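As stored in upload08.txt (compact mmCIF, C-alpha atoms and all ligand atoms):
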```txt
# COMPACT_ATOMS: atom_id res chain seq x y z
CA MET A 29 0.00 0.00 0.00
CA PRO A 30 1.51 3.37 -0.94
CA ILE A 31 2.16 6.02 1.64
CA ILE A 32 -0.47 8.65 1.14
CA ASN A 33 1.19 11.92 0.38
CA PHE A 34 -0.72 14.62 -1.39
CA PRO A 35 1.79 16.94 -3.09
CA PHE A 36 -0.80 19.74 -3.16
CA PHE A 37 -0.98 19.62 0.62
CA LYS A 38 2.69 20.44 1.03
CA LYS A 39 2.21 24.15 1.61
CA LYS A 40 -1.19 23.96 3.20
CA THR A 41 -1.75 25.31 6.65
CA SER A 42 -4.43 24.06 8.97
CA GLN A 43 -6.79 26.87 7.91
CA GLN A 44 -6.51 25.89 4.24
CA ILE A 45 -7.68 22.30 4.68
CA GLU A 46 -11.42 22.46 4.38
CA LEU A 47 -13.04 19.76 6.42
CA LYS A 48 -16.74 19.06 6.19
CA LYS A 49 -18.56 19.39 9.49
CA ASP A 50 -20.20 16.01 9.12
CA ASN A 51 -18.55 12.71 8.28
CA LEU A 52 -15.70 13.08 10.72
CA PRO A 53 -14.40 9.90 12.33
CA GLU A 54 -15.87 9.29 15.78
CA HIS A 55 -13.08 6.97 16.85
CA VAL A 56 -9.49 7.62 15.79
CA ALA A 57 -6.72 5.19 16.77
CA ILE A 58 -3.05 6.10 16.44
CA ILE A 59 0.14 4.04 16.41
CA MET A 60 2.54 6.73 17.61
CA ASP A 61 5.73 5.53 15.98
CA GLY A 62 9.08 7.21 15.36
CA ASN A 63 10.08 8.71 18.71
CA GLY A 64 13.45 6.93 18.65
CA ARG A 65 14.29 8.12 15.11
CA TRP A 66 13.18 11.65 15.99
CA ALA A 67 15.71 11.66 18.84
CA LYS A 68 18.47 9.99 16.80
CA LYS A 69 18.18 12.65 14.07
CA ARG A 70 18.95 15.24 16.73
CA GLY A 71 21.75 13.28 18.42
CA LEU A 72 19.58 12.83 21.52
CA PRO A 73 18.94 9.70 23.60
CA ARG A 74 15.83 7.69 22.64
CA ILE A 75 14.02 8.73 25.81
CA ALA A 76 14.17 12.36 24.67
CA GLY A 77 12.07 11.25 21.70
CA HIS A 78 9.57 9.56 23.99
CA LYS A 79 9.35 12.73 26.12
CA GLN A 80 8.64 14.80 23.00
CA GLY A 81 6.14 12.13 21.92
CA MET A 82 4.39 12.44 25.25
CA ASP A 83 4.05 16.21 24.89
CA ASN A 84 2.66 15.65 21.41
CA VAL A 85 -0.10 13.52 22.89
CA LYS A 86 -1.46 16.62 24.62
CA ARG A 87 -1.32 18.63 21.38
CA ILE A 88 -3.20 15.94 19.43
CA VAL A 89 -5.81 15.48 22.18
CA LYS A 90 -6.63 19.18 21.87
CA ILE A 91 -6.97 18.96 18.09
CA ALA A 92 -9.05 15.77 18.25
CA ASN A 93 -11.33 17.51 20.73
CA LYS A 94 -11.60 20.50 18.42
CA HIS A 95 -12.82 18.23 15.62
CA GLN A 96 -15.29 16.54 17.94
CA VAL A 97 -13.63 13.16 17.75
CA LYS A 98 -15.36 11.11 20.44
CA VAL A 99 -12.65 8.52 21.13
CA LEU A 100 -8.89 8.76 20.63
CA THR A 101 -7.09 5.46 21.22
CA LEU A 102 -3.32 5.78 21.48
CA TYR A 103 -0.87 2.87 21.40
CA ALA A 104 1.47 3.87 24.22
CA PHE A 105 3.00 0.52 25.19
CA SER A 106 2.53 -2.88 23.55
CA THR A 107 2.87 -6.34 25.07
CA GLU A 108 5.99 -6.66 22.87
CA ASN A 109 7.60 -3.44 24.16
CA TRP A 110 8.84 -5.29 27.28
CA LYS A 111 11.62 -6.63 24.99
CA ARG A 112 13.26 -3.17 24.93
CA PRO A 113 16.22 -2.35 27.23
CA LYS A 114 15.16 -2.05 30.87
CA THR A 115 16.04 1.65 31.07
CA GLU A 116 13.73 2.41 28.13
CA VAL A 117 10.92 0.24 29.53
CA ASP A 118 11.26 1.97 32.91
CA TYR A 119 11.07 5.36 31.21
CA LEU A 120 8.04 4.36 29.12
CA MET A 121 6.32 3.20 32.31
CA LYS A 122 6.97 6.59 33.91
CA LEU A 123 5.44 8.47 30.97
CA PRO A 124 1.78 8.03 31.90
CA THR A 125 2.58 9.38 35.38
CA GLU A 126 4.53 12.29 33.98
CA PHE A 127 1.86 12.99 31.38
CA LEU A 128 -0.89 13.03 33.97
CA ASN A 129 1.16 15.03 36.50
CA THR A 130 1.73 17.64 33.83
CA TYR A 131 -1.55 17.71 31.97
CA LEU A 132 -4.36 16.27 34.13
CA PRO A 133 -5.69 19.68 35.26
CA GLU A 134 -5.94 20.81 31.60
CA LEU A 135 -7.52 17.52 30.55
CA VAL A 136 -10.11 17.88 33.31
CA GLU A 137 -10.78 21.43 32.13
CA GLU A 138 -11.21 20.17 28.55
CA ASN A 139 -13.79 17.59 29.74
CA VAL A 140 -11.57 14.67 28.63
CA LYS A 141 -12.28 11.23 30.07
CA ILE A 142 -9.31 8.88 30.58
CA GLN A 143 -9.64 5.17 29.93
CA THR A 144 -7.14 2.39 29.23
CA ILE A 145 -7.07 -0.88 27.36
CA GLY A 146 -4.49 -3.59 27.96
CA ASP A 147 -3.34 -5.86 30.74
CA PHE A 148 -3.33 -3.31 33.52
CA ASP A 149 -2.65 -5.63 36.46
CA VAL A 150 1.03 -6.25 35.70
CA LEU A 151 2.00 -2.57 35.32
CA PRO A 152 4.22 -1.01 38.02
CA ALA A 153 2.26 0.32 41.00
CA HIS A 154 3.24 3.94 40.31
CA THR A 155 1.83 3.73 36.76
CA LYS A 156 -1.37 2.07 37.92
CA ASN A 157 -1.86 4.62 40.72
CA ALA A 158 -1.44 7.63 38.43
CA VAL A 159 -3.79 6.19 35.82
CA ASP A 160 -6.37 5.05 38.37
CA ASN A 161 -6.39 8.53 39.91
CA ALA A 162 -6.89 10.10 36.45
CA LYS A 163 -9.69 7.67 35.60
CA ASP A 164 -11.35 8.55 38.89
CA ARG A 165 -11.02 12.29 38.43
CA THR A 166 -12.36 12.21 34.87
CA ARG A 167 -15.02 9.52 35.41
CA ASP A 168 -17.96 11.90 34.89
CA ASN A 169 -16.46 13.88 32.02
CA SER A 170 -18.50 13.76 28.84
CA GLY A 171 -16.02 15.00 26.22
CA LEU A 172 -13.34 13.15 24.29
CA ILE A 173 -12.45 9.69 25.61
CA LEU A 174 -8.66 9.45 25.72
CA ASN A 175 -8.18 5.71 25.58
CA ILE A 176 -4.56 4.80 26.31
CA ALA A 177 -3.41 1.35 25.18
CA LEU A 178 -0.99 0.35 27.91
CA ASN A 179 0.56 -3.09 27.84
CA TYR A 180 -1.86 -3.83 25.02
CA GLY A 181 -1.62 -6.66 22.52
CA SER A 182 -4.48 -7.72 20.30
CA ARG A 183 -3.66 -11.42 20.24
CA TYR A 184 -3.46 -11.48 24.05
CA GLU A 185 -6.77 -9.60 24.26
CA ILE A 186 -8.46 -12.08 21.92
CA THR A 187 -6.93 -15.12 23.66
CA GLU A 188 -8.09 -13.87 27.08
CA ALA A 189 -11.56 -13.15 25.67
CA ILE A 190 -11.78 -16.72 24.34
CA LYS A 191 -10.88 -18.11 27.77
CA LYS A 192 -13.62 -16.04 29.41
CA VAL A 193 -16.20 -17.07 26.82
CA VAL A 194 -15.35 -20.73 27.40
CA GLU A 195 -15.63 -20.24 31.17
CA ASP A 196 -19.05 -18.65 30.75
CA VAL A 197 -20.22 -21.44 28.44
CA GLU A 198 -19.01 -24.01 30.98
CA ALA A 199 -20.89 -22.13 33.70
CA ASN A 200 -24.02 -22.38 31.51
CA LYS A 201 -24.32 -18.61 31.06
CA TYR A 202 -24.48 -19.17 27.32
CA THR A 203 -24.62 -22.03 24.86
CA LEU A 204 -22.31 -22.26 21.86
CA THR A 205 -25.09 -21.07 19.55
CA ASP A 206 -25.40 -17.82 21.53
CA ILE A 207 -21.87 -16.80 20.56
CA ASP A 208 -21.79 -14.28 17.77
CA GLU A 209 -19.56 -11.32 16.85
CA GLU A 210 -21.45 -8.93 19.11
CA LEU A 211 -21.25 -11.19 22.14
CA PHE A 212 -17.56 -11.89 21.51
CA SER A 213 -16.80 -8.15 21.17
CA SER A 214 -18.29 -7.61 24.62
CA TYR A 215 -15.40 -9.68 26.06
CA LEU A 216 -12.72 -7.41 24.59
CA TYR A 217 -11.10 -4.45 26.38
CA THR A 218 -12.93 -2.20 23.92
CA SER A 219 -16.40 -3.49 24.85
CA ASN A 220 -17.73 0.01 25.60
CA LEU A 221 -16.30 1.60 22.44
CA LYS A 222 -17.31 1.58 18.80
CA ASP A 223 -14.70 0.22 16.40
CA PRO A 224 -12.14 2.76 15.15
CA ASP A 225 -13.21 4.61 12.01
CA LEU A 226 -9.70 5.79 11.22
CA LEU A 227 -6.32 4.34 12.18
CA ILE A 228 -3.20 6.44 11.72
CA ARG A 229 0.37 5.19 11.90
CA THR A 230 3.26 7.61 11.81
CA SER A 231 6.92 7.14 10.81
CA GLY A 232 6.52 5.27 7.53
CA GLU A 233 5.95 1.78 8.94
CA ILE A 234 3.00 0.10 7.28
CA ARG A 235 1.78 -2.58 9.63
CA LEU A 236 -0.61 -3.02 12.56
CA SER A 237 1.88 -4.42 15.10
CA ASN A 238 -0.75 -6.33 17.08
CA PHE A 239 -3.00 -3.29 17.52
CA LEU A 240 -6.82 -3.59 17.44
CA LEU A 241 -6.79 -6.55 15.02
CA TRP A 242 -10.42 -7.53 15.65
CA GLN A 243 -11.68 -3.96 15.95
CA SER A 244 -10.09 -2.68 12.74
CA ALA A 245 -11.89 -5.08 10.38
CA TYR A 246 -13.51 -2.11 8.57
CA THR A 247 -11.30 0.73 9.75
CA GLU A 248 -9.80 3.17 7.23
CA PHE A 249 -5.99 3.23 7.45
CA TRP A 250 -3.80 6.28 6.98
CA PHE A 251 -0.01 6.12 6.95
CA THR A 252 2.46 8.96 6.96
CA ASP A 253 6.27 9.24 6.95
CA VAL A 254 6.10 11.98 9.59
CA LEU A 255 7.60 10.91 12.93
CA TRP A 256 5.21 11.01 15.89
CA PRO A 257 6.77 14.01 17.69
CA ASP A 258 6.36 16.01 14.44
CA PHE A 259 2.79 14.90 13.81
CA ASP A 260 0.87 18.15 14.16
CA GLU A 261 -2.47 19.77 13.42
CA VAL A 262 -1.88 19.96 9.66
CA GLN A 263 -0.94 16.27 9.55
CA PHE A 264 -3.98 15.33 11.59
CA GLU A 265 -6.26 17.37 9.37
CA LYS A 266 -4.78 15.74 6.24
CA ALA A 267 -5.76 12.38 7.68
CA LEU A 268 -9.27 13.64 8.49
CA TYR A 269 -9.61 15.14 5.01
CA ASP A 270 -8.57 11.92 3.37
CA TYR A 271 -10.97 9.97 5.58
CA GLN A 272 -13.82 12.24 4.51
CA ASN A 273 -13.10 11.45 0.89
CA ARG A 274 -13.10 7.67 1.26
CA LYS A 275 -16.09 5.48 0.44
CA ARG A 276 -16.75 3.03 3.23
CA ARG A 277 -18.61 0.07 1.82
CA TYR A 278 -18.22 -2.56 4.55
CA GLY A 279 -18.10 -5.27 1.91
CA GLY A 280 -21.14 -3.93 0.05
CA ILE A 281 -21.18 -2.06 -3.27
C1 LIG B 301 7.26 3.90 19.24
O1 LIG B 301 8.36 4.65 18.76
C2 LIG B 301 6.73 4.55 20.42
C3 LIG B 301 6.56 3.95 21.62
C4 LIG B 301 6.88 2.54 21.88
C5 LIG B 301 6.07 4.71 22.78
C6 LIG B 301 4.99 5.68 22.45
C7 LIG B 301 4.70 6.51 23.62
C8 LIG B 301 4.45 7.84 23.56
C9 LIG B 301 4.44 8.58 22.30
C10 LIG B 301 4.13 8.63 24.76
C11 LIG B 301 3.07 7.98 25.57
C12 LIG B 301 2.27 8.96 26.22
C13 LIG B 301 1.40 8.70 27.20
C14 LIG B 301 0.41 9.70 27.54
C15 LIG B 301 1.40 7.46 27.96
P1 LIG B 301 9.78 3.94 18.68
O2 LIG B 301 10.44 4.08 20.00
O3 LIG B 301 9.62 2.53 18.24
O4 LIG B 301 10.47 4.82 17.58
P2 LIG B 301 11.53 4.29 16.51
O5 LIG B 301 10.81 3.26 15.67
O6 LIG B 301 11.87 5.52 15.75
O7 LIG B 301 12.69 3.72 17.26
```
What does this structure look like when you write it as structure tokens?
Amino acid sequence: MPIINFPFFKKKTSQQIELKKDNLPEHVAIIMDGNGRWAKKRGLPRIAGHKQGMDNVKRIVKIANKHQVKVLTLYAFSTENWKRPKTEVDYLMKLPTEFLNTYLPELVEENVKIQTIGDFDVLPAHTKNAVDNAKDRTRDNSGLILNIALNYGSRYEITEAIKKVVEDVEANKYTLTDIDEELFSSYLYTSNLKDPDLLIRTSGEIRLSNFLLWQSAYTEFWFTDVLWPDFDEVQFEKALYDYQNRKRRYGGI
């Protein structure tokens, strides 16, 4: 699949991209890739890229809110990211705390509601505490849902869901014939969310990396070479513009 790059967009500013008011994606998911390369290009340690990436999360939350996106799911740490050097893993685990220490008052002000998907139980206590506190403080907010994928892996999510379905069948809650896509979806971390309408991946990599495999069956994908810390309002609006000009047929004609 080619990387979508509209040459005529090159000089466009945010104001010049005309988005329709309707037909905006309700749920946008982002694979925030390229922090390490962003740092390397500047002769900085990788964690400096992650710090810049974290600050960019706040910028993109504000823009998503502005465009009335209802759910923004961000891939912050995958089940595979534990393979990275311990110092980097430790830093990545501190980022949610740092993000919330820095930005929670603003997020509360902006009516943002914090949620997570992923295997939460095995995260370090300091990460869990910061996130739990933020979930608590934003519980009644009715604006954008900022859904952070933390220790998330789609195959793990699906495998765990299967185990729970089997348990419930064995406990006679359901019979095999009751199991359909809707029931199965209710066992996933995303049970309270609609499937993503648009999935963005930055940094030029064109793969899903175990992110929302079930949920993205009919999602529109948008890839860009831009590294996550550089992904700004114009980039985001390009993705929204492109989404608005796609025909979603869900297998129909
Ligand atoms: C991938 O880039 C990025 C990550 C594994 C971490 C992403 C995390 C953030 C952007 C911040 C998280 C913020 C919150 C609020 C928790 P990479 O390191 O693989 O980059 P590279 O491919 O260039 O090396």
Could you name the residues that touch Leu241 of chain A at 12 Å or less, counting only C-alpha atoms, but leaving out those on the same chain fewer than 6 positions away, as a list in words? Ala57, Tyr180, Gly181, Ser182, Arg183, Tyr184, Glu185, Ile186, Ser213, Leu216, Thr218, Asp223, Pro224, Leu227, Arg235 and Thr247 of chain A
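Atom to atom, atom O1 of ligand LIG 301 (chain B) and atom CA of Thr115 of chain A stand 14.8 Å apart.
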Would you list the residues that come within 6 Å of ligand LIG 301 (chain B)? Count only C-alpha atoms and all ligand atoms and give the answer as a ChimeraX atom specification. /A:60-65,78,81-82,104-105,123-124,127
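Here the question is which of A:Ser214, A:Asn93, A:Thr125, A:Ser231 gets nearest to Ser170 of chain A using all atoms listed in the file, and that residue is A:Asn93.
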Determine, counting all atoms listed in the file, which protein, DNA and RNA residues have an atom within 8 Å of an atom of segment 258-275 of chain A; residues of the same chain fewer than 3 positions away are not included. Present the result as a VMD selection string. chain A and resid 37 40 to 42 45 to 48 51 to 53 84 87 to 88 91 226 228 230 248 250 254 to 255
Residues as selected, C-alpha atoms, written as a PDB file, keeping the file's coordinate frame, can you do that?
```
ATOM      1  CA  PHE A  37      -0.980  19.620   0.620  1.00  0.00           C
ATOM      2  CA  LYS A  40      -1.190  23.960   3.200  1.00  0.00           C
ATOM      3  CA  THR A  41      -1.750  25.310   6.650  1.00  0.00           C
ATOM      4  CA  SER A  42      -4.430  24.060   8.970  1.00  0.00           C
ATOM      5  CA  ILE A  45      -7.680  22.300   4.680  1.00  0.00           C
ATOM      6  CA  GLU A  46     -11.420  22.460   4.380  1.00  0.00           C
ATOM      7  CA  LEU A  47     -13.040  19.760   6.420  1.00  0.00           C
ATOM      8  CA  LYS A  48     -16.740  19.060   6.190  1.00  0.00           C
ATOM      9  CA  ASN A  51     -18.550  12.710   8.280  1.00  0.00           C
ATOM     10  CA  LEU A  52     -15.700  13.080  10.720  1.00  0.00           C
ATOM     11  CA  PRO A  53     -14.400   9.900  12.330  1.00  0.00           C
ATOM     12  CA  ASN A  84       2.660  15.650  21.410  1.00  0.00           C
ATOM     13  CA  ARG A  87      -1.320  18.630  21.380  1.00  0.00           C
ATOM     14  CA  ILE A  88      -3.200  15.940  19.430  1.00  0.00           C
ATOM     15  CA  ILE A  91      -6.970  18.960  18.090  1.00  0.00           C
ATOM     16  CA  LEU A 226      -9.700   5.790  11.220  1.00  0.00           C
ATOM     17  CA  ILE A 228      -3.200   6.440  11.720  1.00  0.00           C
ATOM     18  CA  THR A 230       3.260   7.610  11.810  1.00  0.00           C
ATOM     19  CA  GLU A 248      -9.800   3.170   7.230  1.00  0.00           C
ATOM     20  CA  TRP A 250      -3.800   6.280   6.980  1.00  0.00           C
ATOM     21  CA  VAL A 254       6.100  11.980   9.590  1.00  0.00           C
ATOM     22  CA  LEU A 255       7.600  10.910  12.930  1.00  0.00           C
TER      23      LEU A 255
END
```
Selected residue of minimal separation from Asp149 of chain A among A:Val136, A:Glu209, A:Leu178, A:Leu204, counting only C-alpha atoms: A:Leu178
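Of the listed residues (A:Lys114, A:Lys90, A:Arg229, A:Lys98), A:Lys90 comes nearest to Tyr131 of chain A; the distances count all atoms listed in the file.
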Measuring between all atoms listed in the file, which one of A:Asn169, A:Arg74, A:Ala177, A:Asn200 shows the shortest distance to Arg112 of chain A? A:Arg74
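Here atom CA of Glu126 of chain A stands at a distance of 22.1 Å from atom CA of Gly171 of chain A.
Using all atoms listed in the file, the smallest distance between any of A:Gly232, A:Gly146, A:Gly280, A:Gly71 and Ser106 of chain A comes from A:Gly146.
Atom CA of Pro133 of chain A sits 24.3 Å away from atom CA of Glu54 of chain A.
Minimum atom-to-atom distance to Leu172 of chain A, evaluated using all atoms listed in the file, belongs to A:Thr101 out of A:Ser244, A:Thr130, A:Asn157, A:Thr101.
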How big is the axis-aligned box, and where does its centre sit, when it encloses all atoms of segment 184-192 of chain A listed in the file and has 5 Å added on every side, reported in Å to one decimal as lines of an AutoDock Vina configuration file?
```
center_x = -8.5
center_y = -13.9
center_z = 25.7
size_x = 20.2
size_y = 18.5
size_z = 17.5
```
